[in-house]
>>> print(open('data.txt').read())   # compact mmCIF, C-alpha atoms
# COMPACT_ATOMS: atom_id res chain seq x y z
CA MET A 1091 135.41 249.68 106.33
CA LYS A 1092 134.84 249.61 110.05
CA SER A 1093 136.68 252.54 111.53
CA VAL A 1094 137.35 253.63 115.06
CA ILE A 1095 138.28 257.14 116.22
CA LEU A 1096 140.14 257.45 119.50
CA VAL A 1097 138.94 260.20 121.81
CA PHE A 1098 141.25 261.77 124.38
CA PRO A 1099 140.48 264.77 126.61
CA GLY A 1100 141.42 267.88 124.63
CA ILE A 1101 141.03 266.31 121.19
CA ASN A 1102 138.92 268.56 118.93
CA ARG A 1103 139.12 267.16 115.38
CA GLU A 1104 137.31 263.88 116.01
CA ARG A 1105 134.04 265.12 114.51
CA ASP A 1106 135.68 266.43 111.36
CA MET A 1107 137.28 263.00 111.02
CA ALA A 1108 133.98 261.22 111.67
CA ARG A 1109 132.25 263.35 109.05
CA ALA A 1110 134.91 262.57 106.43
CA LEU A 1111 134.82 258.83 107.18
CA ARG A 1112 131.01 258.72 107.11
CA LEU A 1113 130.90 260.66 103.86
CA VAL A 1114 133.45 258.55 102.02
CA SER A 1115 132.91 255.08 103.52
CA GLY A 1116 129.15 255.33 104.07
CA ARG A 1117 129.65 253.91 107.55
CA GLU A 1118 129.50 255.62 110.91
CA PRO A 1119 132.82 255.33 112.76
CA THR A 1120 132.87 254.25 116.40
CA MET A 1121 134.26 256.65 118.98
CA VAL A 1122 136.47 254.86 121.50
CA TRP A 1123 137.34 256.52 124.81
CA HIS A 1124 140.98 256.70 125.92
CA ALA A 1125 140.29 254.85 129.18
CA ASP A 1126 138.93 251.80 127.34
CA THR A 1127 141.29 248.86 127.05
CA ALA A 1128 140.00 247.11 123.93
CA LEU A 1129 139.05 248.02 120.36
CA PRO A 1130 135.69 246.84 118.96
CA VAL A 1131 135.81 243.39 117.35
CA GLY A 1132 136.30 243.62 113.58
CA THR A 1133 137.98 247.03 113.56
CA ASP A 1134 139.64 247.72 110.18
CA LEU A 1135 141.03 251.20 110.76
CA VAL A 1136 142.02 253.10 113.90
CA VAL A 1137 142.21 256.89 113.58
CA ILE A 1138 144.06 259.05 116.09
CA PRO A 1139 142.63 262.51 115.39
CA GLY A 1140 143.97 266.02 115.88
CA GLY A 1141 143.50 268.46 118.71
CA PHE A 1142 145.28 269.27 121.92
CA SER A 1143 145.16 266.11 124.02
CA TYR A 1144 145.77 266.96 127.68
CA GLY A 1145 146.41 270.57 126.68
CA ASP A 1146 149.75 269.57 125.14
CA TYR A 1147 151.08 269.28 128.72
CA LEU A 1148 154.61 267.88 129.15
CA ARG A 1149 155.11 267.32 125.39
CA CYS A 1150 152.50 267.22 122.61
CA GLY A 1151 150.89 263.78 122.67
CA ALA A 1152 153.01 262.50 125.57
CA ILE A 1153 150.20 261.85 128.05
CA ALA A 1154 147.75 260.47 125.48
CA ALA A 1155 150.41 258.05 124.24
CA ARG A 1156 150.38 256.42 127.69
CA ALA A 1157 146.57 256.12 127.90
CA PRO A 1158 145.07 252.65 128.56
CA ILE A 1159 143.66 252.27 125.01
CA MET A 1160 147.12 252.66 123.46
CA ASP A 1161 148.21 249.12 124.44
CA ALA A 1162 145.32 247.80 122.37
CA VAL A 1163 146.28 250.12 119.49
CA ARG A 1164 149.91 248.92 119.60
CA ALA A 1165 148.74 245.29 119.55
CA PHE A 1166 146.36 246.08 116.66
CA ALA A 1167 149.18 247.74 114.70
CA ALA A 1168 151.60 244.90 115.46
CA LYS A 1169 149.13 242.50 113.81
CA GLY A 1170 149.06 244.69 110.68
CA GLY A 1171 145.94 246.73 111.50
CA LEU A 1172 145.80 250.13 109.77
CA VAL A 1173 146.34 253.24 111.89
CA LEU A 1174 145.87 256.78 110.55
CA ALA A 1175 147.35 259.42 112.85
CA VAL A 1176 146.70 263.07 111.99
CA CYS A 1177 148.24 266.18 113.56
CA ASN A 1178 148.10 265.68 117.36
CA GLY A 1179 147.50 262.04 116.40
CA PHE A 1180 150.88 262.00 114.63
CA GLN A 1181 152.48 263.42 117.77
CA ILE A 1182 150.72 260.77 119.88
CA ALA A 1183 151.82 257.97 117.50
CA CYS A 1184 155.46 259.11 117.75
CA GLU A 1185 155.29 259.34 121.54
CA ALA A 1186 153.66 255.88 121.66
CA GLY A 1187 156.47 254.35 119.64
CA LEU A 1188 154.22 253.52 116.67
CA LEU A 1189 156.35 255.80 114.48
CA PRO A 1190 159.95 257.00 114.85
CA GLY A 1191 161.01 260.58 115.56
CA VAL A 1192 159.32 263.51 117.24
CA LEU A 1193 157.40 266.67 116.30
CA MET A 1194 159.14 269.76 117.68
CA ARG A 1195 158.07 273.40 117.92
CA ASN A 1196 157.79 274.95 114.42
CA ALA A 1197 161.15 276.43 113.46
CA GLN A 1198 159.54 279.87 112.97
CA LEU A 1199 157.91 279.59 116.43
CA ARG A 1200 154.49 280.40 114.99
CA PHE A 1201 151.30 278.41 114.99
CA ILE A 1202 150.53 277.77 111.32
CA CYS A 1203 146.90 277.59 110.20
CA ARG A 1204 146.52 277.61 106.42
CA ASP A 1205 146.40 275.47 103.30
CA VAL A 1206 149.69 273.89 102.24
CA HIS A 1207 150.78 271.85 99.25
CA LEU A 1208 151.98 268.31 99.73
CA ARG A 1209 153.85 266.17 97.26
CA VAL A 1210 152.64 262.57 97.46
CA GLU A 1211 155.82 260.50 97.50
CA ARG A 1212 154.34 257.08 96.84
CA SER A 1213 151.00 255.65 95.80
CA ASP A 1214 151.52 252.01 96.80
CA THR A 1215 150.36 252.26 100.41
CA PRO A 1216 146.78 251.68 101.65
CA PHE A 1217 146.70 255.37 102.61
CA THR A 1218 147.98 256.91 99.38
CA ARG A 1219 146.66 254.51 96.74
CA GLY A 1220 144.06 257.10 95.72
CA TYR A 1221 146.85 259.39 94.53
CA ASN A 1222 149.66 259.17 92.00
CA ALA A 1223 153.27 259.36 93.14
CA GLY A 1224 154.54 262.88 92.49
CA GLN A 1225 151.03 264.35 92.57
CA VAL A 1226 150.62 267.60 94.53
CA ILE A 1227 147.60 267.99 96.78
CA ARG A 1228 146.41 270.96 98.81
CA VAL A 1229 145.18 270.44 102.37
CA PRO A 1230 145.13 272.55 105.53
CA VAL A 1231 147.57 272.47 108.43
CA ALA A 1232 146.91 273.81 111.92
CA HIS A 1233 149.77 273.20 114.30
CA GLY A 1234 152.45 274.81 116.45
CA GLU A 1235 154.56 271.66 116.79
CA GLY A 1236 154.89 270.00 113.41
CA ASN A 1237 158.62 270.24 112.87
CA TYR A 1238 159.58 266.60 112.27
CA ILE A 1239 162.93 265.60 113.73
CA ALA A 1240 164.66 262.25 114.06
CA ALA A 1241 168.20 260.97 114.50
CA GLY A 1242 170.33 261.03 111.34
CA GLU A 1243 170.27 257.25 110.96
CA THR A 1244 166.46 257.21 111.37
CA ILE A 1245 166.05 259.81 108.62
CA ALA A 1246 168.43 257.82 106.40
CA ARG A 1247 166.37 254.68 107.02
CA LEU A 1248 163.07 256.45 106.33
CA GLU A 1249 164.43 257.82 103.06
CA GLY A 1250 166.20 254.58 102.09
CA GLU A 1251 163.08 252.50 102.67
CA GLY A 1252 160.80 255.02 100.94
CA ARG A 1253 158.78 255.66 104.06
CA VAL A 1254 158.15 259.36 103.52
CA ALA A 1255 154.55 259.53 102.32
CA PHE A 1256 154.11 263.31 102.01
CA ARG A 1257 156.48 266.28 101.77
CA TYR A 1258 155.73 270.01 102.00
CA SER A 1259 156.24 271.43 98.51
CA SER A 1260 155.42 274.26 96.14
CA PRO A 1261 152.21 273.99 94.06
CA ASP A 1262 154.46 272.50 91.36
CA GLY A 1263 155.88 269.85 93.65
CA ILE A 1264 159.22 271.53 94.27
CA VAL A 1265 160.63 270.84 97.72
CA ASP A 1266 162.74 273.70 99.06
CA PRO A 1267 163.11 275.61 102.34
CA ASP A 1268 160.67 278.37 101.24
CA TRP A 1269 157.84 275.81 101.16
CA ASN A 1270 158.90 273.90 104.26
CA HIS A 1271 156.45 275.67 106.57
CA ASN A 1272 157.59 274.30 109.91
CA GLY A 1273 161.25 273.46 109.27
CA ALA A 1274 160.74 269.67 109.27
CA MET A 1275 163.78 267.59 108.35
CA ASN A 1276 163.68 266.80 104.61
CA ALA A 1277 160.34 268.70 104.50
CA ILE A 1278 158.63 265.60 105.92
CA ALA A 1279 154.87 266.05 106.36
CA GLY A 1280 153.94 262.38 106.74
CA ILE A 1281 155.63 259.01 107.22
CA ILE A 1282 154.68 255.35 107.37
CA ASN A 1283 156.05 252.72 109.75
CA ASP A 1284 158.32 249.86 108.67
CA HIS A 1285 155.38 247.60 107.78
CA GLY A 1286 153.47 250.34 105.96
CA ASN A 1287 150.33 249.99 108.11
CA VAL A 1288 150.69 253.14 110.26
CA LEU A 1289 150.61 256.60 108.66
CA GLY A 1290 151.34 259.76 110.63
CA MET A 1291 150.85 263.17 109.02
CA MET A 1292 150.60 266.75 110.28
CA PRO A 1293 148.14 268.12 107.64
CA HIS A 1294 144.40 267.50 107.83
CA PRO A 1295 143.06 265.55 104.82
CA GLU A 1296 139.70 265.25 106.62
CA ASN A 1297 139.12 268.98 106.21
CA HIS A 1298 139.17 268.93 102.40
CA VAL A 1299 136.63 266.30 101.48
CA GLU A 1300 133.60 268.30 100.34
CA ALA A 1301 133.11 270.99 97.69
CA VAL A 1302 131.62 273.25 100.34
CA MET A 1303 135.03 273.31 102.04
CA GLY A 1304 136.55 274.68 98.86
CA ARG A 1305 138.57 271.61 97.93
CA THR A 1306 138.28 267.85 97.95
CA ASP A 1307 141.96 266.85 97.76
CA GLY A 1308 141.82 264.92 101.04
CA ARG A 1309 138.95 262.73 99.93
CA ARG A 1310 141.11 260.32 97.97
CA LEU A 1311 143.03 259.31 101.06
CA PHE A 1312 139.80 258.00 102.59
CA ALA A 1313 138.50 256.64 99.28
CA GLY A 1314 141.79 254.77 98.87
CA LEU A 1315 141.37 253.17 102.30
CA VAL A 1316 137.80 252.11 101.47
CA ASP A 1317 139.06 250.64 98.19
CA HIS A 1318 141.87 248.82 100.03
CA PHE A 1319 139.38 247.00 102.24
CA LYS A 1320 137.00 246.28 99.35
CA ARG A 1321 139.80 244.54 97.50
CA ALA A 1322 140.90 242.64 100.56
CA ALA A 1323 137.35 241.36 101.18
CA MET B 890 162.54 262.57 150.30
CA LYS B 891 162.83 265.41 147.87
CA ALA B 892 164.01 264.58 144.41
CA ARG B 893 164.57 266.42 141.18
CA VAL B 894 164.54 265.21 137.58
CA THR B 895 166.07 267.62 135.09
CA VAL B 896 165.30 267.15 131.40
CA THR B 897 167.41 268.92 128.78
CA LEU B 898 167.56 268.84 125.00
CA LYS B 899 170.37 266.76 123.55
CA SER B 900 173.12 268.75 121.92
CA GLY B 901 172.56 269.14 118.21
CA ILE B 902 168.77 269.31 118.58
CA LEU B 903 167.54 272.68 117.36
CA ASP B 904 165.80 274.61 120.15
CA PRO B 905 163.71 277.42 118.62
CA GLN B 906 162.34 278.44 122.03
CA GLY B 907 165.85 278.78 123.45
CA LYS B 908 166.82 280.86 120.42
CA ALA B 909 163.84 283.18 120.96
CA ILE B 910 164.75 283.63 124.63
CA GLU B 911 168.34 284.31 123.61
CA GLY B 912 167.14 287.05 121.26
CA ALA B 913 164.91 288.57 123.94
CA LEU B 914 167.80 288.67 126.43
CA ARG B 915 169.87 290.51 123.86
CA THR B 916 167.02 292.97 123.31
CA LEU B 917 166.90 293.55 127.07
CA GLY B 918 170.58 294.42 127.05
CA VAL B 919 171.68 291.43 129.14
CA ASN B 920 175.33 291.12 128.21
CA GLY B 921 177.50 288.09 127.68
CA VAL B 922 174.79 285.53 126.84
CA ALA B 923 176.36 283.16 124.32
CA SER B 924 173.41 280.78 123.99
CA VAL B 925 170.24 279.57 125.75
CA ARG B 926 168.76 276.06 125.84
CA LEU B 927 165.34 275.54 127.41
CA GLY B 928 164.76 272.50 129.64
CA LYS B 929 162.36 271.21 132.29
CA VAL B 930 162.66 270.59 136.03
CA PHE B 931 160.40 268.15 137.90
CA ASP B 932 160.42 268.42 141.70
CA ILE B 933 159.12 265.16 143.08
CA GLU B 934 158.34 264.03 146.64
CA ILE B 935 159.20 260.39 147.25
CA GLU B 936 157.60 258.35 150.04
CA GLY B 937 159.86 256.47 152.45
CA ALA B 938 163.64 256.64 152.81
CA ASP B 939 164.88 254.05 150.31
CA ARG B 940 167.32 256.12 148.29
CA ALA B 941 168.30 253.43 145.79
CA GLY B 942 164.66 252.51 145.27
CA ALA B 943 163.77 256.17 144.69
CA GLU B 944 166.53 256.57 142.14
CA ALA B 945 165.36 253.47 140.29
CA ALA B 946 161.73 254.66 140.33
CA LEU B 947 162.68 258.11 139.04
CA LYS B 948 164.80 256.60 136.28
CA THR B 949 161.75 254.58 135.22
CA ALA B 950 159.60 257.73 135.39
CA ALA B 951 162.07 259.63 133.23
CA GLU B 952 162.44 256.84 130.66
CA LYS B 953 158.71 256.13 130.43
CA LEU B 954 157.25 259.62 130.55
CA LEU B 955 159.23 262.65 131.73
CA ALA B 956 161.77 262.63 128.92
CA ASN B 957 161.54 261.74 125.25
CA THR B 958 164.93 260.09 124.89
CA VAL B 959 164.91 260.63 121.12
CA ILE B 960 165.63 264.31 121.74
CA GLU B 961 166.19 264.72 125.48
CA ASN B 962 168.64 263.74 128.22
CA TYR B 963 167.65 263.52 131.88
CA ARG B 964 169.36 263.64 135.26
CA VAL B 965 167.97 262.24 138.53
CA GLU B 966 168.97 263.72 141.90
CA VAL B 967 167.66 262.54 145.28
CA ALA B 968 168.34 264.99 148.11
CA GLY B 969 170.32 263.46 150.95
>>> encode(input="data.txt", output="structure tokens")
Amino acid sequence: MKSVILVFPGINRERDMARALRLVSGREPTMVWHADTALPVGTDLVVIPGGFSYGDYLRCGAIAARAPIMDAVRAFAAKGGLVLAVCNGFQIACEAGLLPGVLMRNAQLRFICRDVHLRVERSDTPFTRGYNAGQVIRVPVAHGEGNYIAAGETIARLEGEGRVAFRYSSPDGIVDPDWNHNGAMNAIAGIINDHGNVLGMMPHPENHVEAVMGRTDGRRLFAGLVDHFKRAA
Amino acid sequence: MKARVTVTLKSGILDPQGKAIEGALRTLGVNGVASVRLGKVFDIEIEGADRAGAEAALKTAAEKLLANTVIENYRVEVAG
């Protein structure tokens, strides 16, 4: 799996992401600068990592979404290329029109930095094939603007087409307001686009991939991607 | 020419920051505040004197960058 990590000024999770990808895929990802206009030939996966691109100026992800490299990413996604967008990356993907909706200020107005439980809603995507539908995983979040909002008809479409990949839940997989840490509509933590090749999620699977980190629940997301490309080859 | 683009949240979109400000105003004893919505103001200098052209350019700016039209409305004013 040949992966690329986009680097914008103010991004700070690109090395965590690189470490996870290297560990699980056995291949060093390529860092691609925001001012570049093309992705390396043969790219399988584009990752938009977390951080605070452009200091969250204007709106989270708004400036990065208009960076030169994003035209190439949109073209890559339009041809079915896989895009994984995490945290600030999710915000950038929404602002870039790769995913619907927007991430607003957390309903409780607090920056949340802790482990959360996610219920995996489906296992038949390249991103979630390493999990079982209904399985609960534990991964960290670290965000102030993760409150997913979209127009009523967009939410209805996402739900109707089964495009919610992860929901905030209790350790037993129960979705209710007490476990919806940021107030996201329908407790949405991650969604896929209409063709299933772009995943945006607020939590950080790349931070739970080694025993030394305490948990390895995020590892299967990356292992699933590697498996997806092995089968395709 | 001086111009101003005002960006506001659409009605129905929850505004936690506005709510917090509302609460703080109440704490300060400012009376009669029914609700607060937080928005943004962009003061922009436009070259030349083509008013229609400026309005069109600012509309493009608002649509492409200044506002996220999923959640926000915008208004363009060019000073006469």
>>> interface_residues(input="data.txt", of="chain A", to="chain B", cutoff="7 Å", atoms="all atoms listed in the file", output="list in words")
Gly1191, Arg1195, Ala1197 and Leu1199 of chain A
>>> residues_around(input="data.txt", residues="stretch 1208-1215 of chain A", least_positions_apart="2", cutoff="8 Å", atoms="all atoms listed in the file", output="MDAnalysis selection string")
chainID A and resid 1206 1217:1229 1252 1254:1260 1263 1279 1286
>>> atom_distance(input="data.txt", atom1="atom CA of A:Ile1282", atom2="atom CA of A:Arg1253")
5.3 Å
>>> residues_around(input="data.txt", residues="stretch 1237-1245 of chain A", least_positions_apart="6", cutoff="7 Å", atoms="all atoms listed in the file", output="list of chain:residue names")
A:Gly1191, A:Val1192, A:Leu1193, A:Met1194, A:Arg1195, A:Asn1196, A:Ala1197, A:Asn1272, A:Gly1273, A:Ala1274, A:Met1275, A:Ile1278
>>> residues_around(input="data.txt", residues="A:Ala1155", least_positions_apart="2", cutoff="6 Å", atoms="all atoms listed in the file", output="short mmCIF file (atom, residue, chain, number, x, y, z; two decimals) with C-alpha atoms, in the coordinates of the input")
data_model
loop_
_atom_site.label_atom_id
_atom_site.label_comp_id
_atom_site.auth_asym_id
_atom_site.auth_seq_id
_atom_site.Cartn_x
_atom_site.Cartn_y
_atom_site.Cartn_z
CA GLY A 1151 150.89 263.78 122.67
CA ALA A 1152 153.01 262.50 125.57
CA ILE A 1153 150.20 261.85 128.05
CA ALA A 1157 146.57 256.12 127.90
CA ILE A 1182 150.72 260.77 119.88
CA GLU A 1185 155.29 259.34 121.54
CA ALA A 1186 153.66 255.88 121.66
#
>>> residues_around(input="data.txt", residues="B:Gly969", least_positions_apart="5", cutoff="12 Å", atoms="all atoms listed in the file", output="compact mmCIF listing (two decimals) with C-alpha atoms, in the frame of the given file")
# COMPACT_ATOMS: atom_id res chain seq x y z
CA MET B 890 162.54 262.57 150.30
CA LYS B 891 162.83 265.41 147.87
CA ALA B 892 164.01 264.58 144.41
CA ARG B 893 164.57 266.42 141.18
CA ALA B 938 163.64 256.64 152.81
CA ASP B 939 164.88 254.05 150.31
CA ARG B 940 167.32 256.12 148.29
CA ALA B 941 168.30 253.43 145.79
CA ALA B 943 163.77 256.17 144.69
CA GLU B 944 166.53 256.57 142.14
>>> atom_distance(input="data.txt", atom1="atom CA of A:Thr1306", atom2="atom CA of A:Asp1268")
25.0 Å
>>> closest_residue(input="data.txt", among="A:Arg1109, A:Arg1149, A:His1298, A:Arg1321", to="B:Glu961", atoms="all atoms listed in the file")
A:Arg1149
>>> axis_aligned_box(input="data.txt", around="stretch 1121-1129 of chain A", padding_each_side="3 Å", output="AutoDock Vina command-line options")
--center_x 137.8 --center_y 251.9 --center_z 124.1 --size_x 13.0 --size_y 15.6 --size_z 16.2
>>> atom_distance(input="data.txt", atom1="atom CA of A:Leu1174", atom2="atom CA of B:Glu952")
26.1 Å
>>> closest_residue(input="data.txt", among="A:Asp1126, A:Glu1235, A:Glu1118, A:Asp1146", to="A:Arg1105", atoms="only C-alpha atoms")
A:Glu1118
>>> decode(input="data.txt", residues="stretch 916-953 of chain B", atoms="N, CA and C atoms", output="CSV table (one decimal), in the first residue's frame")
chain,number,residue,atom,x,y,z
B,916,THR,N,-24.8,37.2,33.4
B,916,THR,CA,-24.0,37.2,34.6
B,916,THR,C,-23.6,38.6,34.9
B,917,LEU,N,-23.3,39.4,33.9
B,917,LEU,CA,-22.8,40.8,34.1
B,917,LEU,C,-24.0,41.7,34.4
B,918,GLY,N,-25.2,41.2,34.4
B,918,GLY,CA,-26.4,42.0,34.7
B,918,GLY,C,-26.9,42.9,33.6
B,919,VAL,N,-26.5,42.6,32.4
B,919,VAL,CA,-27.0,43.3,31.2
B,919,VAL,C,-28.4,42.9,31.0
B,920,ASN,N,-29.3,43.8,31.1
B,920,ASN,CA,-30.8,43.4,31.0
B,920,ASN,C,-31.3,43.3,29.6
B,921,GLY,N,-32.3,42.5,29.4
B,921,GLY,CA,-33.1,42.5,28.2
B,921,GLY,C,-32.5,41.8,27.0
B,922,VAL,N,-31.4,41.0,27.3
B,922,VAL,CA,-30.8,40.3,26.2
B,922,VAL,C,-31.6,39.0,26.0
B,923,ALA,N,-32.3,38.9,24.8
B,923,ALA,CA,-33.1,37.7,24.6
B,923,ALA,C,-32.3,36.5,24.0
B,924,SER,N,-31.4,36.9,23.1
B,924,SER,CA,-30.5,35.8,22.6
B,924,SER,C,-29.3,36.5,21.8
B,925,VAL,N,-28.2,35.7,21.7
B,925,VAL,CA,-27.0,36.2,21.0
B,925,VAL,C,-26.6,35.2,20.0
B,926,ARG,N,-26.3,35.7,18.8
B,926,ARG,CA,-25.7,34.8,17.7
B,926,ARG,C,-24.4,35.5,17.3
B,927,LEU,N,-23.3,34.7,17.2
B,927,LEU,CA,-22.0,35.2,16.9
B,927,LEU,C,-21.8,35.1,15.4
B,928,GLY,N,-21.3,36.2,14.8
B,928,GLY,CA,-21.0,36.1,13.3
B,928,GLY,C,-19.6,36.8,13.1
B,929,LYS,N,-19.3,37.0,11.8
B,929,LYS,CA,-18.0,37.5,11.4
B,929,LYS,C,-18.2,38.7,10.5
B,930,VAL,N,-17.3,39.7,10.6
B,930,VAL,CA,-17.3,40.8,9.7
B,930,VAL,C,-16.0,40.9,9.0
B,931,PHE,N,-16.0,41.0,7.6
B,931,PHE,CA,-14.8,41.2,6.9
B,931,PHE,C,-14.8,42.6,6.2
B,932,ASP,N,-13.8,43.5,6.6
B,932,ASP,CA,-13.7,44.8,6.0
B,932,ASP,C,-12.7,44.6,4.9
B,933,ILE,N,-13.1,44.9,3.7
B,933,ILE,CA,-12.2,44.7,2.5
B,933,ILE,C,-12.1,45.9,1.7
B,934,GLU,N,-10.9,46.2,1.3
B,934,GLU,CA,-10.6,47.4,0.4
B,934,GLU,C,-10.6,46.9,-1.0
B,935,ILE,N,-11.3,47.5,-1.9
B,935,ILE,CA,-11.4,47.1,-3.3
B,935,ILE,C,-10.7,48.1,-4.2
B,936,GLU,N,-9.9,47.6,-5.1
B,936,GLU,CA,-9.2,48.6,-6.0
B,936,GLU,C,-10.2,49.0,-7.1
B,937,GLY,N,-10.0,50.3,-7.6
B,937,GLY,CA,-10.8,50.8,-8.6
B,937,GLY,C,-12.1,51.3,-8.2
B,938,ALA,N,-13.1,51.6,-9.1
B,938,ALA,CA,-14.3,52.2,-8.8
B,938,ALA,C,-15.5,51.5,-9.4
B,939,ASP,N,-15.3,50.2,-9.8
B,939,ASP,CA,-16.3,49.5,-10.5
B,939,ASP,C,-17.2,48.7,-9.5
B,940,ARG,N,-18.3,49.4,-9.1
B,940,ARG,CA,-19.1,48.9,-8.0
B,940,ARG,C,-19.7,47.5,-8.3
B,941,ALA,N,-20.2,47.3,-9.5
B,941,ALA,CA,-20.9,46.0,-9.9
B,941,ALA,C,-19.8,44.9,-9.9
B,942,GLY,N,-18.6,45.3,-10.4
B,942,GLY,CA,-17.5,44.3,-10.4
B,942,GLY,C,-17.1,43.9,-9.0
B,943,ALA,N,-17.1,44.9,-8.1
B,943,ALA,CA,-16.7,44.7,-6.7
B,943,ALA,C,-17.7,43.7,-6.1
B,944,GLU,N,-19.0,44.0,-6.3
B,944,GLU,CA,-20.0,43.2,-5.7
B,944,GLU,C,-19.9,41.8,-6.2
B,945,ALA,N,-19.6,41.6,-7.5
B,945,ALA,CA,-19.5,40.2,-8.0
B,945,ALA,C,-18.3,39.5,-7.4
B,946,ALA,N,-17.2,40.3,-7.3
B,946,ALA,CA,-15.9,39.7,-6.8
B,946,ALA,C,-16.2,39.3,-5.3
B,947,LEU,N,-16.8,40.1,-4.5
B,947,LEU,CA,-17.1,39.8,-3.1
B,947,LEU,C,-18.0,38.6,-2.9
B,948,LYS,N,-19.0,38.5,-3.9
B,948,LYS,CA,-19.9,37.4,-3.8
B,948,LYS,C,-19.1,36.1,-4.0
B,949,THR,N,-18.2,36.1,-5.0
B,949,THR,CA,-17.3,35.0,-5.3
B,949,THR,C,-16.5,34.7,-4.0
B,950,ALA,N,-15.9,35.7,-3.4
B,950,ALA,CA,-15.1,35.5,-2.2
B,950,ALA,C,-15.9,34.9,-1.1
B,951,ALA,N,-17.1,35.3,-1.0
B,951,ALA,CA,-18.0,34.8,0.1
B,951,ALA,C,-18.3,33.3,-0.2
B,952,GLU,N,-18.7,33.1,-1.4
B,952,GLU,CA,-19.1,31.7,-1.8
B,952,GLU,C,-18.0,30.7,-1.7
B,953,LYS,N,-16.8,31.2,-2.1
B,953,LYS,CA,-15.6,30.3,-2.2
B,953,LYS,C,-14.9,30.1,-0.9
